[in-house]
Number of protein chains: 4
Amino acid sequence: MPRKKHESQAGTNATLSKAWGGRFVEPTDPDVERFCHSFSFDRRLYPYDIQGSIAHVRAICQAGLLTAFERDQMIAGLKKVEAELSAASTCLTPLPSQEDVHMYIEHRLIERIGPVGGKLHAGRSRNDQVSLDLRLYLRDQTHTITKHIKSLQRACLDQAKKQMKVLLPGYTHLQRAQPVLLSHYFLAYYEMLKRDRSRFSDSLQRLNQMPLGAGALAGNGFGINRQAVAKLLGFPSVTANSLDTVSDRDFVVEFLSNAAMLMMHLSRWAEEWILWNTAEFRFIELPDRFCTGSSMMPQKKNPDVLELIRGKTGRVYGALTALLTIMKGLPLSYNRDMQEDKEPLFDTVDTLGSVLPLMTKLVIHTRFQDAHLKDALDEGFLLATEVADYLTRKGLPFREAHRVVGEIVLTGVRTKRPLTDFTLQELRGYSKHFDDDIFDCLTPTGAVERKQGMGGTSTASVQFALRKALAEIKQ
Amino acid sequence: MPRKKHESQAGTNATLSKAWGGRFVEPTDPDVERFCHSFSFDRRLYPYDIQGSIAHVRAICQAGLLTAFERDQMIAGLKKVEAELSAASTCLTPLPSQEDVHMYIEHRLIERIGPVGGKLHAGRSRNDQVSLDLRLYLRDQTHTITKHIKSLQRACLDQAKKQMKVLLPGYTHLQRAQPVLLSHYFLAYYEMLKRDRSRFSDSLQRLNQMPLGAGALAGNGFGINRQAVAKLLGFPSVTANSLDTVSDRDFVVEFLSNAAMLMMHLSRWAEEWILWNTAEFRFIELPDRFCTGSSMMPQKKNPDVLELIRGKTGRVYGALTALLTIMKGLPLSYNRDMQEDKEPLFDTVDTLGSVLPLMTKLVIHTRFQDAHLKDALDEGFLLATEVADYLTRKGLPFREAHRVVGEIVLTGVRTKRPLTDFTLQELRGYSKHFDDDIFDCLTPTGAVERKQGMGGTSTASVQFALRKALAEIKQ
Amino acid sequence: MPRKKHESQAGTNATLSKAWGGRFVEPTDPDVERFCHSFSFDRRLYPYDIQGSIAHVRAICQAGLLTAFERDQMIAGLKKVEAELSAASTCLTPLPSQEDVHMYIEHRLIERIGPVGGKLHAGRSRNDQVSLDLRLYLRDQTHTITKHIKSLQRACLDQAKKQMKVLLPGYTHLQRAQPVLLSHYFLAYYEMLKRDRSRFSDSLQRLNQMPLGAGALAGNGFGINRQAVAKLLGFPSVTANSLDTVSDRDFVVEFLSNAAMLMMHLSRWAEEWILWNTAEFRFIELPDRFCTGSSMMPQKKNPDVLELIRGKTGRVYGALTALLTIMKGLPLSYNRDMQEDKEPLFDTVDTLGSVLPLMTKLVIHTRFQDAHLKDALDEGFLLATEVADYLTRKGLPFREAHRVVGEIVLTGVRTKRPLTDFTLQELRGYSKHFDDDIFDCLTPTGAVERKQGMGGTSTASVQFALRKALAEIKQ
Amino acid sequence: MPRKKHESQAGTNATLSKAWGGRFVEPTDPDVERFCHSFSFDRRLYPYDIQGSIAHVRAICQAGLLTAFERDQMIAGLKKVEAELSAASTCLTPLPSQEDVHMYIEHRLIERIGPVGGKLHAGRSRNDQVSLDLRLYLRDQTHTITKHIKSLQRACLDQAKKQMKVLLPGYTHLQRAQPVLLSHYFLAYYEMLKRDRSRFSDSLQRLNQMPLGAGALAGNGFGINRQAVAKLLGFPSVTANSLDTVSDRDFVVEFLSNAAMLMMHLSRWAEEWILWNTAEFRFIELPDRFCTGSSMMPQKKNPDVLELIRGKTGRVYGALTALLTIMKGLPLSYNRDMQEDKEPLFDTVDTLGSVLPLMTKLVIHTRFQDAHLKDALDEGFLLATEVADYLTRKGLPFREAHRVVGEIVLTGVRTKRPLTDFTLQELRGYSKHFDDDIFDCLTPTGAVERKQGMGGTSTASVQFALRKALAEIKQ
């Protein structure tokens, strides 16, 4: 027998209970309500939910489900709910029956404008709605993060411009290897960030498709014009398959995987500068305002920002692992497991949003200790390859030249003499190919300037790369 | 004092010892040799190593380091080494001193053509060489995998064409939700695979840059024309920064992350078909030749292929985790940790190479049990949303319509009656909006055909989508 | 020249600024302050921080650094700060200079009791302090989680007791395999949870060591009696090495790894019950109060709790990945990266704290659909192994018996006849070893009861296992 | 109609085809055969498979399924197959129908001893068999790894004994913090390894249970005495539930998670020594035989072993991720996905088996550069905490003392003067509490020796810890 009360009491108590309660005979267990509740974290989607709902209202009006008056009433109501939420304290706690930001907004709309608010959800399911909200949110965030990356790239280019005369010992295996321009070093990070940016830009293409109208999984039965909705919301196209649309979280996973690679780059940078900031390297000095002290040891000035950047790599990798695990083996289409996508995503967005600007500040304000950089170039036989190259140019097979120089280095190590200390006569004891001009090879600047090809560390090559980068970044 | 013997004895014993031994006073510890050895797994790079070496030979000849005669001698020698390796048994074990595929090839070249072979490595380091080999390899593999994905997409389209009359209960939360066309289902996987393919295609752009000439980290001192090398090897451009070039494994991580998403899709599919193949669902029947039995239970016919596809998702996720972990916090530029990139990459390439063709076979050969699909549509109130939509079209706010239908369903559940069993009079007991035409709504076909928007499951929408897909796949 | 003001103004403004500010010449950058701030999440440690501080106060008093009066003053002050925090709203926002819960408490103590509060931190560093707080917290949480696991185990035993007459088709490869007692099934989860519990109990031993007194990394210079502090705080022993103590987060990683395995078990269970709850399996029915509906489809009753349990496996795996990543390659001793340990840990503790009681409720309240279980035993040739075993007992090698029965099954499949339908004459056509007594083998109950060994599914074996479990759980 | 041939032709062709082929109407697809084949990697289980099969033969003989003659025939046959496999080349490729090591051995047994070999598998399934093989294997490997850890711990204790007079600057945040004994440092790693060892020992308890007799999932129907089998194979007990037994891979996951934590420790150590081995730190010198060179740069001597140890952390984390992913959401009991457990496990066992002995060698043979260690103690204000402690002992609240010393350090930094350079008068300008005895505080040795509590770095404390460790390691 029908429970008649409901139809007549629309808009009062009944309306405020669960939106899907009709088929249920007992109230939800309070522990279950708490467990399933997502308002505390999906609340941040509210501007996008309102924006999407307004577009949906226009679409169902056009489809004949609303009068123009109802449409305007609903749009005005939605804007008021938005203002309300925008003003609300972060401690706002909705009723347990208002499970998530979507149901909360629908409830508040009905409370404000009466039963007509119940027309909002025609032809829509939370399955396509949450996909829309997430896409709108992530589109915005991708733009913001892209801007942050660009600022960091710009800081690199500024440093590259400034440091064109400073030489740095380049490392492999954390052993001194060959001298490079400090500008060249900054351009290396510029390149990594360029790839990061291009990955976010690629994933944005896949994300930037309008999901609304997919309904619960099969599409909608009201002839909603999805292309028109897409246009209203600034999407170049609509998603192609309703079943896929509500099952798909690729755009979240892809964002997280781009974020993981970006954090990988920043973790390398942070590690490097933590090293450079030690008493042993002393290549850089971090300003006091970017460091913190010890509660116990009065002398400490710790590079906490860099350490936290490196550490936060863990949480981003963890977010990626979480999403991949969640999606593994889920049959189509929507499953509630997918609600677990939000917290790792939001946390990652927040992490990138704080990490990138701080790294930019550090790049701008960190001072290089030129004297220590210079000292470091003198020890460690960084010019050995120059000598081998010299012999090669003289006609010795490189493999032989390598061996000959290896033995000279060995003598140098044992007798604590740098390569510049050897006389021509001594050198000729190792190979007849040595001549007076060998000493031209034995300066860090010479070593740097001989690396003239595209992408090499000579001043000319670096200036070429810098000009190219400056042109790119302007676009 | 110099150890003169070396220069004169080039090409004999001395040459066969370590390529970098000059500076060392004691032989490498045998355990260390075993530990660092990578020939057993990097051997598969040999065709790319040879290809790259030949291009390098041409480049250093052009740079004046080789005569034309020497160049031809070296190219001929390299081709012989290639033939030799291509004929060799998989059990070939090189000397401990031939640490990796690169050193092995250089050694063999010198053995074959004498000391002139020692000229090969001028202006090159294993750091840029291995980057080249990996990029050549992965470019090839990306093409192969892309082809495999395309075949699987084609199989989906074939099925979509064939199954245009078959209805499937669509699921959310693994509960029957709404009827969809089986063709629509296959197009959903087509879309996922389309995103997969576009990701591999995007990452290929970033991969497809020529690294040789970056040297150990600073560039090379011989004026090698990198653009010419790129042209020889079919790369549209060269990498932009030598320091970045030898530090960069983004192309590996990105490939693995694309692979992880692809496997995520396949794991969902496998899970679904494992379910569909149970005695409980019986939607599909797998041919015997794709199943295996039990060593103990004579009746078993198990969907092992699908289970292994689902399980192999783990190894691909694991490979991604491995690489991200390896690269985390490594200071620039090359570090030996990066040698650990190969096994996870190769394993993932092999996994995709076996999993994709098998899935394609399954899509082609699996039989659908139409009778069971049909039965499944009759139970579970899959048409409830149609009724709510009906009431909405009659002017009832959707939220109210939802509640009304929820109560009808509740009565249906309690009295074990499907929606089609209710009389108009009964229905009007729930809402005055019901009329004779409600019964037109209560067929699965009707439900399907009403989903007419772009991306919906109506025959027209699906045929539109299919045509679009057929056009895309041809490109 | 000294800034004299500080010493004289203790307890006023100066005291309220950063605790470690003496050596710094500029204030911390506000972005850095926000970035490094941890109060919002480490606040939950306050009861443990106060408890530890009180023990420390007693210890430094005993070491002669405080008078008895000062000691009592400080303990009273700390208790007041605790009361204050316990009453404070969750929105409490400390000053930026009060970086974390430790500094906040010290600041508030000094504000309350004056400069004497500045004596609190003698011989202590945040490095050993945070290790103590985390250990106290995690010891408590491990006990709570252990209790939750025990409750879930008890629910399993209650069901095992109740369901001793109900038969379930056991599955391998999700294909029906052999009948088992439903009680046997519940005891399987009992065993998994038993291992989980024993892992938490083992890790508790390693966790339960008192770290205070390790100082920043080297120990403390005030002769603090660490064993006495341990006794006050209920630790059986102290950590053995100060350097290790402040570098060590094994106890966090180990907890997370135990949690990951527990969630792995629950994800399997959840998956299984999601399947059992489908329209296709219908083995169980979840009460309405544990389900939720759809915003669009009025008929839906979805097993959201089970789906979220399965999904939350992702976040726990992610937390483990995060911690392992964070700790990888960190040189000794403390690094700020380690602050990133808290949020993944707290999130995991909260997840287990909600997931376990809900699973327990589900085990207690879910109803089994005996009729559908029974039906499922009749199809699928679950007794084929019984027939092979029969032939084996008659002397046929098992491998032959397996093949013979395989052929009978094949005929059965083709002719749609169950094994019970074959006549003796027909069976003898497959093997002469068949005799009248074969039909005794062909009942599910007979199959179950023949599995009499330890750990088998016969009633006797299961009752033995149940008695053993009931004895264990009481301890 | 039965295919009679089979029963009569046992032992010939028929026997050599698939063991479970009876119910199948078409041969397995060759791609499927390749895909499912596991002999190439599970081959290494053969000694355990044979050992388990011999115990099983004894058990089914005792259960009346074999005569004593048959039993002896089978045991002899199994031993011959073992000898055969032990002698076989690593390139041995079994027939496609011999899917795995278990089926291979059964096939070879039947080929050797005729149809009676077909009796081997009575009462057994590959599901319990593979669990047994893996447990036997992993029990052995756990013992081996435990021995390796113990050797590494012993190397630490040897160094701790030797280095009792050497001081090391202890670090936090990679900034010099306080001096510690080098012996204290080695004991820190001793402690980490002690926890690792205890984790392996705990997991061994859970692993060390005999699974055979669980059958496919329900137990066995032949009254096999599982306790007797356990005794034969050296297990203290049998697994408690057949369903759990064949579903359970906890022992693999737990091993991998222990391995991940061990590698985490080694990655920290490796990182640290890579730093210590730089031109900047110069705390250690690695012998040439543990280093390798560069193919291009003649001067390079790289710490490849340490880098690879650090890098191999990635593959072990990856293996853990793989297994956790594989097991997530698998319904009971056995699923073929679980075959994917072996390669990550074997790879991890091999990794630990090579990494641990190499680290031990490095600990034994690495030389400490005492002069550089000494120099490093003089810069960086490592004694600042001593001064603050001094003032605290004089009655100044520690927080004030910290601030005073912070300001002295600031002056020192600005004027490039170490603390020892300040006169008493200058110091009294900062605090009246300074007195003549302050200068006793200003030696690294004094700082070390004041850390006298349990676990501190004073000589007495370290010697106490060393004695305790030496006693432990002997057990």
# chains A, B, ... in the order shown; residues from 1 in each chain; ligands from 1
$ interface_residues --of "chain D" --to "chain A" --cutoff "6 Å" --atoms "only C-alpha atoms" --output "PDB file with C-alpha atoms, in the first residue's frame"
ATOM      1  CA  GLN D 175      73.477  19.876   9.169  1.00  0.00           C
ATOM      2  CA  THR D 278      82.270  12.557  -1.934  1.00  0.00           C
ATOM      3  CA  GLU D 280      83.159  17.307  -0.162  1.00  0.00           C
ATOM      4  CA  PHE D 281      82.726  15.045   2.861  1.00  0.00           C
ATOM      5  CA  MET D 297      85.800  10.337 -17.804  1.00  0.00           C
ATOM      6  CA  PRO D 298      89.192   8.854 -16.900  1.00  0.00           C
ATOM      7  CA  GLN D 299      89.329  10.253 -13.365  1.00  0.00           C
ATOM      8  CA  ALA D 384      76.490  25.050  21.083  1.00  0.00           C
ATOM      9  CA  THR D 385      74.161  22.686  22.907  1.00  0.00           C
ATOM     10  CA  HIS D 402      69.096  28.349  24.100  1.00  0.00           C
ATOM     11  CA  VAL D 405      73.702  30.712  22.905  1.00  0.00           C
ATOM     12  CA  GLY D 406      71.846  31.316  19.643  1.00  0.00           C
ATOM     13  CA  VAL D 409      76.501  31.623  17.569  1.00  0.00           C
TER      14      VAL D 409
END
$ residues_around --residues "Leu320 in chain C" --least-positions-apart "5" --cutoff "9 Å" --atoms "only C-alpha atoms" --output "list in words"
Gly318 of chain A; Val253, Glu254, Phe255, Leu256, Ser257, Ala259, Ala260, Arg315, Thr325, Pro344 and Leu345 of chain C
$ atom_distance --atom1 "CA of Pro94 in chain B" --atom2 "CA of Asp49 in chain B"
16.4 Å
$ select_by_dssp --residues "range 79-184 of chain D" --states "strand (DSSP E)" --output "VMD selection string"
chain D and resid 167 to 172 175 to 181
$ residues_around --residues "range 60-63 of chain C" --least-positions-apart "4" --cutoff "8 Å" --atoms "only C-alpha atoms" --output "list of chain:residue names"
C:His56, C:Thr67, C:Ala68, C:Arg71, C:Ala122, C:Gly123, C:Phe222, C:Gly223, C:Ile224, C:Asn225
$ residues_around --residues "Ile438 in chain C" --least-positions-apart "5" --cutoff "10 Å" --atoms "only C-alpha atoms" --output "list in words"
Glu386, Val387, Tyr390, Leu391, Thr420, Leu424, Leu427 and His433 of chain C
$ residues_around --residues "Asp250 in chain B" --least-positions-apart "6" --cutoff "10 Å" --atoms "only C-alpha atoms" --output "list of chain:residue names"
A:Met192, A:Arg195, A:Asp196, A:Met261, A:Leu262, A:Met264, A:His265, B:Ser203, B:Arg206, B:Leu207, B:Leu256, B:Leu323, B:Leu324, B:Met327
$ closest_residue --among "C:Arg126, C:Thr415, C:Pro96, C:Asn258" --to "Val32 in chain C" --atoms "only C-alpha atoms"
C:Pro96
